[in-house]
file upload39.txt (compact mmCIF, N, CA and C atoms)
# COMPACT_ATOMS: atom_id res chain seq x y z
N MET A 114 72.28 182.35 43.08
CA MET A 114 73.00 182.63 41.87
C MET A 114 72.11 183.36 40.86
N MET A 115 70.88 182.88 40.76
CA MET A 115 69.96 183.51 39.82
C MET A 115 69.66 184.94 40.24
N GLY A 116 69.46 185.16 41.53
CA GLY A 116 69.16 186.49 42.04
C GLY A 116 70.30 187.47 41.78
N LEU A 117 71.51 187.03 42.00
CA LEU A 117 72.68 187.86 41.74
C LEU A 117 72.77 188.22 40.26
N ALA A 118 72.49 187.26 39.40
CA ALA A 118 72.52 187.51 37.96
C ALA A 118 71.43 188.49 37.54
N VAL A 119 70.25 188.33 38.10
CA VAL A 119 69.15 189.25 37.76
C VAL A 119 69.48 190.67 38.21
N ILE A 120 70.05 190.80 39.39
CA ILE A 120 70.43 192.14 39.87
C ILE A 120 71.50 192.74 38.96
N ALA A 121 72.46 191.94 38.54
CA ALA A 121 73.51 192.44 37.64
C ALA A 121 72.93 192.86 36.30
N TRP A 122 71.98 192.07 35.78
CA TRP A 122 71.35 192.42 34.51
C TRP A 122 70.53 193.69 34.61
N THR A 123 69.75 193.82 35.68
CA THR A 123 68.86 194.99 35.78
C THR A 123 69.62 196.28 36.09
N THR A 124 70.72 196.19 36.82
CA THR A 124 71.49 197.39 37.15
C THR A 124 72.54 197.71 36.10
N GLY A 125 72.90 196.72 35.29
CA GLY A 125 73.93 196.94 34.27
C GLY A 125 75.34 196.92 34.81
N VAL A 126 75.51 196.51 36.05
CA VAL A 126 76.83 196.45 36.65
C VAL A 126 77.46 195.10 36.33
N PRO A 127 78.64 195.09 35.71
CA PRO A 127 79.27 193.80 35.39
C PRO A 127 79.79 193.12 36.65
N LEU A 128 79.62 191.82 36.69
CA LEU A 128 80.08 191.05 37.85
C LEU A 128 81.56 190.71 37.72
N ASN A 129 82.23 190.58 38.85
CA ASN A 129 83.62 190.15 38.87
C ASN A 129 83.79 189.24 40.09
N ILE A 130 83.73 187.96 39.88
CA ILE A 130 83.94 186.98 40.95
C ILE A 130 85.21 186.24 40.58
N SER A 131 86.30 186.58 41.24
CA SER A 131 87.62 186.13 40.80
C SER A 131 87.83 184.62 40.89
N VAL A 132 87.04 183.92 41.68
CA VAL A 132 87.23 182.48 41.79
C VAL A 132 86.62 181.75 40.59
N LEU A 133 85.76 182.42 39.83
CA LEU A 133 85.15 181.80 38.66
C LEU A 133 85.90 182.20 37.40
N PRO A 134 85.92 181.33 36.39
CA PRO A 134 86.71 181.62 35.19
C PRO A 134 86.06 182.59 34.21
N TRP A 135 84.83 183.01 34.44
CA TRP A 135 84.14 183.90 33.51
C TRP A 135 84.14 185.32 34.04
N GLN A 136 83.88 186.27 33.17
CA GLN A 136 83.84 187.68 33.56
C GLN A 136 82.67 188.38 32.87
N GLY A 137 82.22 189.49 33.44
CA GLY A 137 81.23 190.36 32.82
C GLY A 137 79.91 189.70 32.47
N GLY A 138 79.46 189.94 31.23
CA GLY A 138 78.17 189.42 30.77
C GLY A 138 78.12 187.91 30.72
N THR A 139 79.25 187.30 30.39
CA THR A 139 79.31 185.84 30.35
C THR A 139 79.10 185.27 31.75
N LEU A 140 79.74 185.88 32.74
CA LEU A 140 79.59 185.43 34.12
C LEU A 140 78.14 185.57 34.58
N THR A 141 77.51 186.67 34.22
CA THR A 141 76.11 186.88 34.60
C THR A 141 75.22 185.79 34.01
N ALA A 142 75.41 185.48 32.74
CA ALA A 142 74.61 184.44 32.08
C ALA A 142 74.89 183.07 32.69
N VAL A 143 76.15 182.77 32.95
CA VAL A 143 76.50 181.48 33.54
C VAL A 143 75.89 181.34 34.93
N LEU A 144 75.94 182.39 35.72
CA LEU A 144 75.33 182.34 37.06
C LEU A 144 73.83 182.12 36.98
N PHE A 145 73.16 182.83 36.08
CA PHE A 145 71.71 182.69 35.97
C PHE A 145 71.33 181.27 35.54
N PHE A 146 71.92 180.80 34.47
CA PHE A 146 71.53 179.48 33.95
C PHE A 146 72.03 178.34 34.83
N SER A 147 73.15 178.54 35.53
CA SER A 147 73.60 177.53 36.49
C SER A 147 72.65 177.45 37.68
N GLY A 148 72.21 178.60 38.15
CA GLY A 148 71.23 178.62 39.23
C GLY A 148 69.92 177.98 38.82
N LEU A 149 69.49 178.26 37.60
CA LEU A 149 68.27 177.64 37.07
C LEU A 149 68.44 176.13 36.95
N ALA A 150 69.57 175.69 36.43
CA ALA A 150 69.84 174.25 36.31
C ALA A 150 69.88 173.58 37.69
N GLY A 151 70.54 174.22 38.64
CA GLY A 151 70.60 173.66 39.99
C GLY A 151 69.23 173.54 40.63
N THR A 152 68.38 174.54 40.41
CA THR A 152 67.02 174.50 40.94
C THR A 152 66.22 173.37 40.31
N VAL A 153 66.29 173.27 38.98
CA VAL A 153 65.55 172.22 38.27
C VAL A 153 66.04 170.83 38.70
N LEU A 154 67.36 170.66 38.80
CA LEU A 154 67.90 169.36 39.20
C LEU A 154 67.53 169.00 40.64
N THR A 155 67.45 170.00 41.50
CA THR A 155 67.04 169.75 42.87
C THR A 155 65.59 169.28 42.93
N VAL A 156 64.72 169.94 42.18
CA VAL A 156 63.30 169.55 42.15
C VAL A 156 63.16 168.14 41.55
N LEU A 157 63.87 167.88 40.47
CA LEU A 157 63.81 166.54 39.86
C LEU A 157 64.30 165.46 40.83
N ALA A 158 65.35 165.76 41.57
CA ALA A 158 65.86 164.78 42.54
C ALA A 158 64.87 164.57 43.67
N MET A 159 64.20 165.63 44.10
CA MET A 159 63.20 165.49 45.17
C MET A 159 62.03 164.63 44.72
N LYS A 160 61.71 164.70 43.42
CA LYS A 160 60.62 163.89 42.88
C LYS A 160 61.11 162.51 42.41
N ARG A 161 62.39 162.23 42.67
CA ARG A 161 63.01 160.96 42.29
C ARG A 161 63.04 160.75 40.78
N ILE A 162 63.16 161.83 40.04
CA ILE A 162 63.32 161.78 38.59
C ILE A 162 64.76 162.19 38.28
N LEU A 163 65.53 161.33 37.69
CA LEU A 163 66.93 161.59 37.34
C LEU A 163 67.77 162.07 38.52
N PRO A 164 67.77 161.36 39.64
CA PRO A 164 68.56 161.83 40.78
C PRO A 164 70.06 161.80 40.54
N PHE A 165 70.53 160.99 39.60
CA PHE A 165 71.96 160.93 39.34
C PHE A 165 72.48 162.25 38.76
N LEU A 166 71.61 163.02 38.08
CA LEU A 166 72.04 164.33 37.58
C LEU A 166 72.28 165.31 38.72
N PHE A 167 71.48 165.19 39.78
CA PHE A 167 71.70 166.04 40.96
C PHE A 167 73.02 165.69 41.63
N ILE A 168 73.30 164.40 41.72
CA ILE A 168 74.58 163.96 42.30
C ILE A 168 75.73 164.49 41.45
N LEU A 169 75.62 164.34 40.14
CA LEU A 169 76.66 164.84 39.24
C LEU A 169 76.84 166.35 39.40
N TRP A 170 75.74 167.07 39.49
CA TRP A 170 75.78 168.53 39.65
C TRP A 170 76.54 168.93 40.92
N THR A 171 76.21 168.30 42.04
CA THR A 171 76.86 168.67 43.30
C THR A 171 78.34 168.30 43.30
N VAL A 172 78.68 167.19 42.67
CA VAL A 172 80.09 166.78 42.59
C VAL A 172 80.86 167.77 41.72
N VAL A 173 80.29 168.18 40.59
CA VAL A 173 80.96 169.14 39.70
C VAL A 173 81.17 170.48 40.42
N VAL A 174 80.17 170.94 41.15
CA VAL A 174 80.30 172.20 41.89
C VAL A 174 81.40 172.08 42.95
N ALA A 175 81.43 170.97 43.68
CA ALA A 175 82.45 170.78 44.72
C ALA A 175 83.85 170.74 44.11
N ILE A 176 84.00 170.00 43.02
CA ILE A 176 85.32 169.91 42.38
C ILE A 176 85.76 171.28 41.87
N MET A 177 84.83 172.00 41.26
CA MET A 177 85.18 173.32 40.73
C MET A 177 85.60 174.28 41.83
N LEU A 178 84.86 174.29 42.93
CA LEU A 178 85.22 175.18 44.04
C LEU A 178 86.58 174.83 44.63
N VAL A 179 86.79 173.57 44.92
CA VAL A 179 88.07 173.16 45.52
C VAL A 179 89.22 173.45 44.56
N TYR A 180 89.04 173.11 43.29
CA TYR A 180 90.11 173.35 42.32
C TYR A 180 90.42 174.83 42.17
N ARG A 181 89.37 175.64 41.98
CA ARG A 181 89.59 177.06 41.73
C ARG A 181 90.15 177.79 42.96
N PHE A 182 89.72 177.40 44.15
CA PHE A 182 90.25 178.05 45.35
C PHE A 182 91.68 177.64 45.65
N PHE A 183 91.98 176.34 45.58
CA PHE A 183 93.25 175.85 46.11
C PHE A 183 94.27 175.43 45.06
N PHE A 184 93.85 175.16 43.84
CA PHE A 184 94.80 174.73 42.81
C PHE A 184 94.79 175.63 41.59
N GLY A 185 93.89 176.58 41.55
CA GLY A 185 93.76 177.48 40.42
C GLY A 185 94.47 178.80 40.67
N PRO A 186 94.12 179.79 39.88
CA PRO A 186 94.81 181.09 39.95
C PRO A 186 94.35 182.00 41.09
N TYR A 187 93.38 181.57 41.89
CA TYR A 187 92.87 182.42 42.96
C TYR A 187 93.96 182.69 43.99
N VAL A 188 94.07 183.95 44.43
CA VAL A 188 95.07 184.35 45.42
C VAL A 188 94.34 184.85 46.65
N PHE A 189 94.71 184.34 47.81
CA PHE A 189 94.08 184.74 49.06
C PHE A 189 94.63 186.08 49.50
N GLY A 190 93.78 186.85 50.20
CA GLY A 190 94.17 188.17 50.70
C GLY A 190 95.13 188.06 51.87
N PRO A 191 95.56 189.19 52.41
CA PRO A 191 96.53 189.20 53.50
C PRO A 191 95.96 188.70 54.84
N THR A 192 94.64 188.66 54.96
CA THR A 192 94.06 188.18 56.22
C THR A 192 93.69 186.71 56.09
N SER A 193 93.51 186.07 57.22
CA SER A 193 93.14 184.65 57.20
C SER A 193 91.65 184.47 56.92
N THR A 194 90.89 185.56 56.91
CA THR A 194 89.45 185.46 56.69
C THR A 194 89.13 184.88 55.31
N SER A 195 89.85 185.31 54.29
CA SER A 195 89.55 184.81 52.95
C SER A 195 89.86 183.32 52.84
N PHE A 196 90.94 182.87 53.47
CA PHE A 196 91.27 181.45 53.45
C PHE A 196 90.21 180.65 54.21
N THR A 197 89.81 181.16 55.36
CA THR A 197 88.78 180.48 56.16
C THR A 197 87.47 180.40 55.38
N THR A 198 87.10 181.46 54.71
CA THR A 198 85.88 181.47 53.91
C THR A 198 85.98 180.44 52.78
N ALA A 199 87.12 180.37 52.13
CA ALA A 199 87.31 179.39 51.05
C ALA A 199 87.20 177.96 51.57
N VAL A 200 87.78 177.71 52.73
CA VAL A 200 87.70 176.38 53.33
C VAL A 200 86.25 176.04 53.67
N LEU A 201 85.53 177.00 54.25
CA LEU A 201 84.13 176.75 54.62
C LEU A 201 83.24 176.53 53.39
N PHE A 202 83.43 177.34 52.35
CA PHE A 202 82.66 177.14 51.10
C PHE A 202 82.96 175.76 50.51
N SER A 203 84.24 175.41 50.47
CA SER A 203 84.63 174.13 49.89
C SER A 203 84.11 172.97 50.72
N LEU A 204 84.20 173.09 52.03
CA LEU A 204 83.70 172.03 52.91
C LEU A 204 82.19 171.88 52.74
N GLY A 205 81.47 172.99 52.64
CA GLY A 205 80.03 172.93 52.42
C GLY A 205 79.69 172.25 51.11
N ALA A 206 80.44 172.54 50.06
CA ALA A 206 80.19 171.92 48.76
C ALA A 206 80.48 170.43 48.79
N VAL A 207 81.56 170.04 49.46
CA VAL A 207 81.89 168.61 49.57
C VAL A 207 80.84 167.88 50.40
N LEU A 208 80.38 168.49 51.48
CA LEU A 208 79.32 167.87 52.29
C LEU A 208 78.01 167.77 51.50
N ALA A 209 77.71 168.79 50.70
CA ALA A 209 76.50 168.74 49.87
C ALA A 209 76.60 167.62 48.84
N ALA A 210 77.79 167.45 48.27
CA ALA A 210 77.98 166.36 47.30
C ALA A 210 77.81 165.01 47.98
N GLY A 211 78.34 164.87 49.18
CA GLY A 211 78.15 163.62 49.92
C GLY A 211 76.70 163.40 50.29
N GLY A 212 76.02 164.46 50.67
CA GLY A 212 74.61 164.35 51.04
C GLY A 212 73.71 164.09 49.86
N SER A 213 74.16 164.46 48.67
CA SER A 213 73.33 164.23 47.49
C SER A 213 73.15 162.75 47.19
N VAL A 214 74.03 161.93 47.71
CA VAL A 214 73.90 160.50 47.50
C VAL A 214 72.64 159.97 48.18
N SER A 215 72.15 160.69 49.18
CA SER A 215 70.96 160.23 49.89
C SER A 215 69.72 160.23 49.00
N VAL A 216 69.74 160.94 47.89
CA VAL A 216 68.59 160.92 46.98
C VAL A 216 68.51 159.61 46.20
N ARG A 217 69.47 158.76 46.33
CA ARG A 217 69.49 157.50 45.61
C ARG A 217 68.70 156.40 46.31
N ARG A 218 68.04 156.73 47.40
CA ARG A 218 67.21 155.72 48.07
C ARG A 218 66.17 155.20 47.10
N THR A 219 65.93 153.91 47.14
CA THR A 219 65.00 153.33 46.18
C THR A 219 63.58 153.23 46.72
N GLU A 220 63.43 153.24 48.03
CA GLU A 220 62.10 153.13 48.63
C GLU A 220 61.69 154.45 49.24
N GLU A 221 60.41 154.68 49.25
CA GLU A 221 59.88 155.85 49.95
C GLU A 221 60.05 155.62 51.45
N PRO A 222 60.27 156.68 52.25
CA PRO A 222 60.42 156.50 53.69
C PRO A 222 59.23 155.80 54.34
N ALA A 223 58.01 156.10 53.90
CA ALA A 223 56.83 155.46 54.50
C ALA A 223 56.84 153.96 54.24
N LYS A 224 57.25 153.54 53.06
CA LYS A 224 57.31 152.12 52.74
C LYS A 224 58.38 151.43 53.60
N ARG A 225 59.48 152.13 53.82
CA ARG A 225 60.56 151.56 54.62
C ARG A 225 60.08 151.33 56.05
N TRP A 226 59.36 152.31 56.62
CA TRP A 226 58.86 152.18 57.99
C TRP A 226 57.82 151.08 58.06
N ALA A 227 56.96 150.96 57.05
CA ALA A 227 55.95 149.90 57.05
C ALA A 227 56.59 148.53 56.99
N ALA A 228 57.67 148.41 56.25
CA ALA A 228 58.36 147.11 56.13
C ALA A 228 59.04 146.73 57.44
N MET A 229 59.46 147.74 58.20
CA MET A 229 60.13 147.47 59.47
C MET A 229 59.15 147.07 60.56
N ALA A 230 57.89 147.51 60.44
CA ALA A 230 56.89 147.25 61.49
C ALA A 230 56.37 145.85 61.44
call {"tool": "encode", "arguments": {"input": "upload39.txt", "output": "structure tokens"}}
result
Amino acid sequence: MMGLAVIAWTTGVPLNISVLPWQGGTLTAVLFFSGLAGTVLTVLAMKRILPFLFILWTVVVAIMLVYRFFFGPYVFGPTSTSFTTAVLFSLGAVLAAGGSVSVRRTEEPAKRWAAMA
């Protein structure tokens, strides 16, 4: 997301991603800062600092994708490829949200293995 925003800023080409509610310069800024937030939250979750924010982030992304693709104003093209792509993106986001719960482990893996031995 950040890379796409940087390319849009440096080339001056306005972005148009119809599944998102923003357009032009606002969309570019939202993509950049959302990508930055996602990166920071991922690092914090990996270090076990505020992992609930990472879970919240992934759930919000999954809800937004599913809502905007299937219940929002987005219209699928005449081919089944766009629908398949939307299903795969949404499924990936839902699986990522489910997988984000794994950061809630309270023990380090090494401690868990030592306790089992």
call {"tool": "closest_residue", "arguments": {"input": "upload39.txt", "among": "A:Phe183, A:Ser131, A:Gly190, A:Ser215", "to": "Met159 in chain A", "atoms": "only C-alpha atoms"}}
result
A:Ser215
call {"tool": "residues_around", "arguments": {"input": "upload39.txt", "residues": "Gly211 in chain A", "least_positions_apart": "4", "cutoff": "8 Å", "atoms": "only N, CA and C atoms", "output": "ChimeraX atom specification"}}
result
/A:168,171-172,205-207,215-216
call {"tool": "atom_distance", "arguments": {"input": "upload39.txt", "atom1": "atom N of Leu144 in chain A", "atom2": "atom N of Met115 in chain A"}}
result
7.2 Å
call {"tool": "select_by_dssp", "arguments": {"input": "upload39.txt", "residues": "chain A", "states": "helix (DSSP H, G or I)", "output": "CSV table (one decimal) with N, CA and C atoms, in the frame of the given file"}}
result
chain,number,residue,atom,x,y,z
A,115,MET,N,70.9,182.9,40.8
A,115,MET,CA,70.0,183.5,39.8
A,115,MET,C,69.7,184.9,40.2
A,116,GLY,N,69.5,185.2,41.5
A,116,GLY,CA,69.2,186.5,42.0
A,116,GLY,C,70.3,187.5,41.8
A,117,LEU,N,71.5,187.0,42.0
A,117,LEU,CA,72.7,187.9,41.7
A,117,LEU,C,72.8,188.2,40.3
A,118,ALA,N,72.5,187.3,39.4
A,118,ALA,CA,72.5,187.5,38.0
A,118,ALA,C,71.4,188.5,37.5
A,119,VAL,N,70.2,188.3,38.1
A,119,VAL,CA,69.2,189.2,37.8
A,119,VAL,C,69.5,190.7,38.2
A,120,ILE,N,70.0,190.8,39.4
A,120,ILE,CA,70.4,192.1,39.9
A,120,ILE,C,71.5,192.7,39.0
A,121,ALA,N,72.5,191.9,38.5
A,121,ALA,CA,73.5,192.4,37.6
A,121,ALA,C,72.9,192.9,36.3
A,122,TRP,N,72.0,192.1,35.8
A,122,TRP,CA,71.4,192.4,34.5
A,122,TRP,C,70.5,193.7,34.6
A,123,THR,N,69.8,193.8,35.7
A,123,THR,CA,68.9,195.0,35.8
A,123,THR,C,69.6,196.3,36.1
A,124,THR,N,70.7,196.2,36.8
A,124,THR,CA,71.5,197.4,37.2
A,124,THR,C,72.5,197.7,36.1
A,137,GLY,N,82.2,189.5,33.4
A,137,GLY,CA,81.2,190.4,32.8
A,137,GLY,C,79.9,189.7,32.5
A,138,GLY,N,79.5,189.9,31.2
A,138,GLY,CA,78.2,189.4,30.8
A,138,GLY,C,78.1,187.9,30.7
A,139,THR,N,79.2,187.3,30.4
A,139,THR,CA,79.3,185.8,30.4
A,139,THR,C,79.1,185.3,31.8
A,140,LEU,N,79.7,185.9,32.7
A,140,LEU,CA,79.6,185.4,34.1
A,140,LEU,C,78.1,185.6,34.6
A,141,THR,N,77.5,186.7,34.2
A,141,THR,CA,76.1,186.9,34.6
A,141,THR,C,75.2,185.8,34.0
A,142,ALA,N,75.4,185.5,32.7
A,142,ALA,CA,74.6,184.4,32.1
A,142,ALA,C,74.9,183.1,32.7
A,143,VAL,N,76.2,182.8,33.0
A,143,VAL,CA,76.5,181.5,33.5
A,143,VAL,C,75.9,181.3,34.9
A,144,LEU,N,75.9,182.4,35.7
A,144,LEU,CA,75.3,182.3,37.1
A,144,LEU,C,73.8,182.1,37.0
A,145,PHE,N,73.2,182.8,36.1
A,145,PHE,CA,71.7,182.7,36.0
A,145,PHE,C,71.3,181.3,35.5
A,146,PHE,N,71.9,180.8,34.5
A,146,PHE,CA,71.5,179.5,34.0
A,146,PHE,C,72.0,178.3,34.8
A,147,SER,N,73.2,178.5,35.5
A,147,SER,CA,73.6,177.5,36.5
A,147,SER,C,72.6,177.4,37.7
A,148,GLY,N,72.2,178.6,38.2
A,148,GLY,CA,71.2,178.6,39.2
A,148,GLY,C,69.9,178.0,38.8
A,149,LEU,N,69.5,178.3,37.6
A,149,LEU,CA,68.3,177.6,37.1
A,149,LEU,C,68.4,176.1,37.0
A,150,ALA,N,69.6,175.7,36.4
A,150,ALA,CA,69.8,174.2,36.3
A,150,ALA,C,69.9,173.6,37.7
A,151,GLY,N,70.5,174.2,38.6
A,151,GLY,CA,70.6,173.7,40.0
A,151,GLY,C,69.2,173.5,40.6
A,152,THR,N,68.4,174.5,40.4
A,152,THR,CA,67.0,174.5,40.9
A,152,THR,C,66.2,173.4,40.3
A,153,VAL,N,66.3,173.3,39.0
A,153,VAL,CA,65.6,172.2,38.3
A,153,VAL,C,66.0,170.8,38.7
A,154,LEU,N,67.4,170.7,38.8
A,154,LEU,CA,67.9,169.4,39.2
A,154,LEU,C,67.5,169.0,40.6
A,155,THR,N,67.4,170.0,41.5
A,155,THR,CA,67.0,169.8,42.9
A,155,THR,C,65.6,169.3,42.9
A,156,VAL,N,64.7,169.9,42.2
A,156,VAL,CA,63.3,169.6,42.2
A,156,VAL,C,63.2,168.1,41.6
A,157,LEU,N,63.9,167.9,40.5
A,157,LEU,CA,63.8,166.5,39.9
A,157,LEU,C,64.3,165.5,40.8
A,158,ALA,N,65.4,165.8,41.6
A,158,ALA,CA,65.9,164.8,42.5
A,158,ALA,C,64.9,164.6,43.7
A,159,MET,N,64.2,165.6,44.1
A,159,MET,CA,63.2,165.5,45.2
A,159,MET,C,62.0,164.6,44.7
A,164,PRO,N,67.8,161.4,39.6
A,164,PRO,CA,68.6,161.8,40.8
A,164,PRO,C,70.1,161.8,40.5
A,165,PHE,N,70.5,161.0,39.6
A,165,PHE,CA,72.0,160.9,39.3
A,165,PHE,C,72.5,162.2,38.8
A,166,LEU,N,71.6,163.0,38.1
A,166,LEU,CA,72.0,164.3,37.6
A,166,LEU,C,72.3,165.3,38.7
A,167,PHE,N,71.5,165.2,39.8
A,167,PHE,CA,71.7,166.0,41.0
A,167,PHE,C,73.0,165.7,41.6
A,168,ILE,N,73.3,164.4,41.7
A,168,ILE,CA,74.6,164.0,42.3
A,168,ILE,C,75.7,164.5,41.4
A,169,LEU,N,75.6,164.3,40.1
A,169,LEU,CA,76.7,164.8,39.2
A,169,LEU,C,76.8,166.4,39.4
A,170,TRP,N,75.7,167.1,39.5
A,170,TRP,CA,75.8,168.5,39.6
A,170,TRP,C,76.5,168.9,40.9
A,171,THR,N,76.2,168.3,42.0
A,171,THR,CA,76.9,168.7,43.3
A,171,THR,C,78.3,168.3,43.3
A,172,VAL,N,78.7,167.2,42.7
A,172,VAL,CA,80.1,166.8,42.6
A,172,VAL,C,80.9,167.8,41.7
A,173,VAL,N,80.3,168.2,40.6
A,173,VAL,CA,81.0,169.1,39.7
A,173,VAL,C,81.2,170.5,40.4
A,174,VAL,N,80.2,170.9,41.2
A,174,VAL,CA,80.3,172.2,41.9
A,174,VAL,C,81.4,172.1,43.0
A,175,ALA,N,81.4,171.0,43.7
A,175,ALA,CA,82.4,170.8,44.7
A,175,ALA,C,83.8,170.7,44.1
A,176,ILE,N,84.0,170.0,43.0
A,176,ILE,CA,85.3,169.9,42.4
A,176,ILE,C,85.8,171.3,41.9
A,177,MET,N,84.8,172.0,41.3
A,177,MET,CA,85.2,173.3,40.7
A,177,MET,C,85.6,174.3,41.8
A,178,LEU,N,84.9,174.3,42.9
A,178,LEU,CA,85.2,175.2,44.0
A,178,LEU,C,86.6,174.8,44.6
A,179,VAL,N,86.8,173.6,44.9
A,179,VAL,CA,88.1,173.2,45.5
A,179,VAL,C,89.2,173.4,44.6
A,180,TYR,N,89.0,173.1,43.3
A,180,TYR,CA,90.1,173.4,42.3
A,180,TYR,C,90.4,174.8,42.2
A,181,ARG,N,89.4,175.6,42.0
A,181,ARG,CA,89.6,177.1,41.7
A,181,ARG,C,90.2,177.8,43.0
A,182,PHE,N,89.7,177.4,44.2
A,182,PHE,CA,90.2,178.0,45.4
A,182,PHE,C,91.7,177.6,45.6
A,183,PHE,N,92.0,176.3,45.6
A,183,PHE,CA,93.2,175.8,46.1
A,183,PHE,C,94.3,175.4,45.1
A,184,PHE,N,93.8,175.2,43.8
A,184,PHE,CA,94.8,174.7,42.8
A,184,PHE,C,94.8,175.6,41.6
A,193,SER,N,93.5,186.1,57.2
A,193,SER,CA,93.1,184.6,57.2
A,193,SER,C,91.6,184.5,56.9
A,194,THR,N,90.9,185.6,56.9
A,194,THR,CA,89.4,185.5,56.7
A,194,THR,C,89.1,184.9,55.3
A,195,SER,N,89.8,185.3,54.3
A,195,SER,CA,89.6,184.8,53.0
A,195,SER,C,89.9,183.3,52.8
A,196,PHE,N,90.9,182.9,53.5
A,196,PHE,CA,91.3,181.4,53.4
A,196,PHE,C,90.2,180.6,54.2
A,197,THR,N,89.8,181.2,55.4
A,197,THR,CA,88.8,180.5,56.2
A,197,THR,C,87.5,180.4,55.4
A,198,THR,N,87.1,181.5,54.7
A,198,THR,CA,85.9,181.5,53.9
A,198,THR,C,86.0,180.4,52.8
A,199,ALA,N,87.1,180.4,52.1
A,199,ALA,CA,87.3,179.4,51.0
A,199,ALA,C,87.2,178.0,51.6
A,200,VAL,N,87.8,177.7,52.7
A,200,VAL,CA,87.7,176.4,53.3
A,200,VAL,C,86.2,176.0,53.7
A,201,LEU,N,85.5,177.0,54.2
A,201,LEU,CA,84.1,176.8,54.6
A,201,LEU,C,83.2,176.5,53.4
A,202,PHE,N,83.4,177.3,52.4
A,202,PHE,CA,82.7,177.1,51.1
A,202,PHE,C,83.0,175.8,50.5
A,203,SER,N,84.2,175.4,50.5
A,203,SER,CA,84.6,174.1,49.9
A,203,SER,C,84.1,173.0,50.7
A,204,LEU,N,84.2,173.1,52.0
A,204,LEU,CA,83.7,172.0,52.9
A,204,LEU,C,82.2,171.9,52.7
A,205,GLY,N,81.5,173.0,52.6
A,205,GLY,CA,80.0,172.9,52.4
A,205,GLY,C,79.7,172.2,51.1
A,206,ALA,N,80.4,172.5,50.1
A,206,ALA,CA,80.2,171.9,48.8
A,206,ALA,C,80.5,170.4,48.8
A,207,VAL,N,81.6,170.0,49.5
A,207,VAL,CA,81.9,168.6,49.6
A,207,VAL,C,80.8,167.9,50.4
A,208,LEU,N,80.4,168.5,51.5
A,208,LEU,CA,79.3,167.9,52.3
A,208,LEU,C,78.0,167.8,51.5
A,209,ALA,N,77.7,168.8,50.7
A,209,ALA,CA,76.5,168.7,49.9
A,209,ALA,C,76.6,167.6,48.8
A,210,ALA,N,77.8,167.4,48.3
A,210,ALA,CA,78.0,166.4,47.3
A,210,ALA,C,77.8,165.0,48.0
A,211,GLY,N,78.3,164.9,49.2
A,211,GLY,CA,78.2,163.6,49.9
A,211,GLY,C,76.7,163.4,50.3
A,212,GLY,N,76.0,164.5,50.7
A,212,GLY,CA,74.6,164.4,51.0
A,212,GLY,C,73.7,164.1,49.9
A,213,SER,N,74.2,164.5,48.7
A,213,SER,CA,73.3,164.2,47.5
A,213,SER,C,73.2,162.8,47.2
A,214,VAL,N,74.0,161.9,47.7
A,214,VAL,CA,73.9,160.5,47.5
A,214,VAL,C,72.6,160.0,48.2
A,215,SER,N,72.2,160.7,49.2
A,215,SER,CA,71.0,160.2,49.9
A,215,SER,C,69.7,160.2,49.0
A,216,VAL,N,69.7,160.9,47.9
A,216,VAL,CA,68.6,160.9,47.0
A,216,VAL,C,68.5,159.6,46.2
A,217,ARG,N,69.5,158.8,46.3
A,217,ARG,CA,69.5,157.5,45.6
A,217,ARG,C,68.7,156.4,46.3
A,222,PRO,N,60.3,156.7,52.2
A,222,PRO,CA,60.4,156.5,53.7
A,222,PRO,C,59.2,155.8,54.3
A,223,ALA,N,58.0,156.1,53.9
A,223,ALA,CA,56.8,155.5,54.5
A,223,ALA,C,56.8,154.0,54.2
A,224,LYS,N,57.2,153.5,53.1
A,224,LYS,CA,57.3,152.1,52.7
A,224,LYS,C,58.4,151.4,53.6
A,225,ARG,N,59.5,152.1,53.8
A,225,ARG,CA,60.6,151.6,54.6
A,225,ARG,C,60.1,151.3,56.0
A,226,TRP,N,59.4,152.3,56.6
A,226,TRP,CA,58.9,152.2,58.0
A,226,TRP,C,57.8,151.1,58.1
A,227,ALA,N,57.0,151.0,57.0
A,227,ALA,CA,56.0,149.9,57.0
A,227,ALA,C,56.6,148.5,57.0
A,228,ALA,N,57.7,148.4,56.2
A,228,ALA,CA,58.4,147.1,56.1
A,228,ALA,C,59.0,146.7,57.4
A,229,MET,N,59.5,147.7,58.2
A,229,MET,CA,60.1,147.5,59.5
A,229,MET,C,59.2,147.1,60.6
call {"tool": "closest_residue", "arguments": {"input": "upload39.txt", "among": "A:Thr152, A:Phe145, A:Val173, A:Gly137", "to": "Ala118 in chain A", "atoms": "only N, CA and C atoms"}}
result
A:Phe145
call {"tool": "residues_near_point", "arguments": {"input": "upload39.txt", "point": "(77.1, 189.7, 29.2)", "cutoff": "10 Å", "atoms": "only C-alpha atoms", "output": "PyMOL selection string"}}
result
chain A and resi 121-122+125+127-128+136-143
call {"tool": "atom_distance", "arguments": {"input": "upload39.txt", "atom1": "atom C of Arg181 in chain A", "atom2": "atom N of Phe196 in chain A"}}
result
11.7 Å
call {"tool": "closest_residue", "arguments": {"input": "upload39.txt", "among": "A:Thr124, A:Phe167, A:Leu178, A:Thr197", "to": "Val214 in chain A", "atoms": "only N, CA and C atoms"}}
result
A:Phe167
call {"tool": "closest_residue", "arguments": {"input": "upload39.txt", "among": "A:Phe165, A:Phe146, A:Trp170, A:Tyr180", "to": "Pro134 in chain A", "atoms": "only C-alpha atoms"}}
result
A:Tyr180
call {"tool": "atom_distance", "arguments": {"input": "upload39.txt", "atom1": "CA of Ala175 in chain A", "atom2": "atom C of Leu133 in chain A"}}
result
14.0 Å
call {"tool": "closest_residue", "arguments": {"input": "upload39.txt", "among": "A:Thr155, A:Ser147, A:Asn129, A:Thr123", "to": "Ala209 in chain A", "atoms": "only C-alpha atoms"}}
result
A:Thr155
call {"tool": "axis_aligned_box", "arguments": {"input": "upload39.txt", "around": "range 171-183 of chain A", "padding_each_side": "8 Å", "output": "lines of an AutoDock Vina configuration file"}}
result
center_x = 85.2
center_y = 172.4
center_z = 42.9
size_x = 34.1
size_y = 27.3
size_z = 22.4
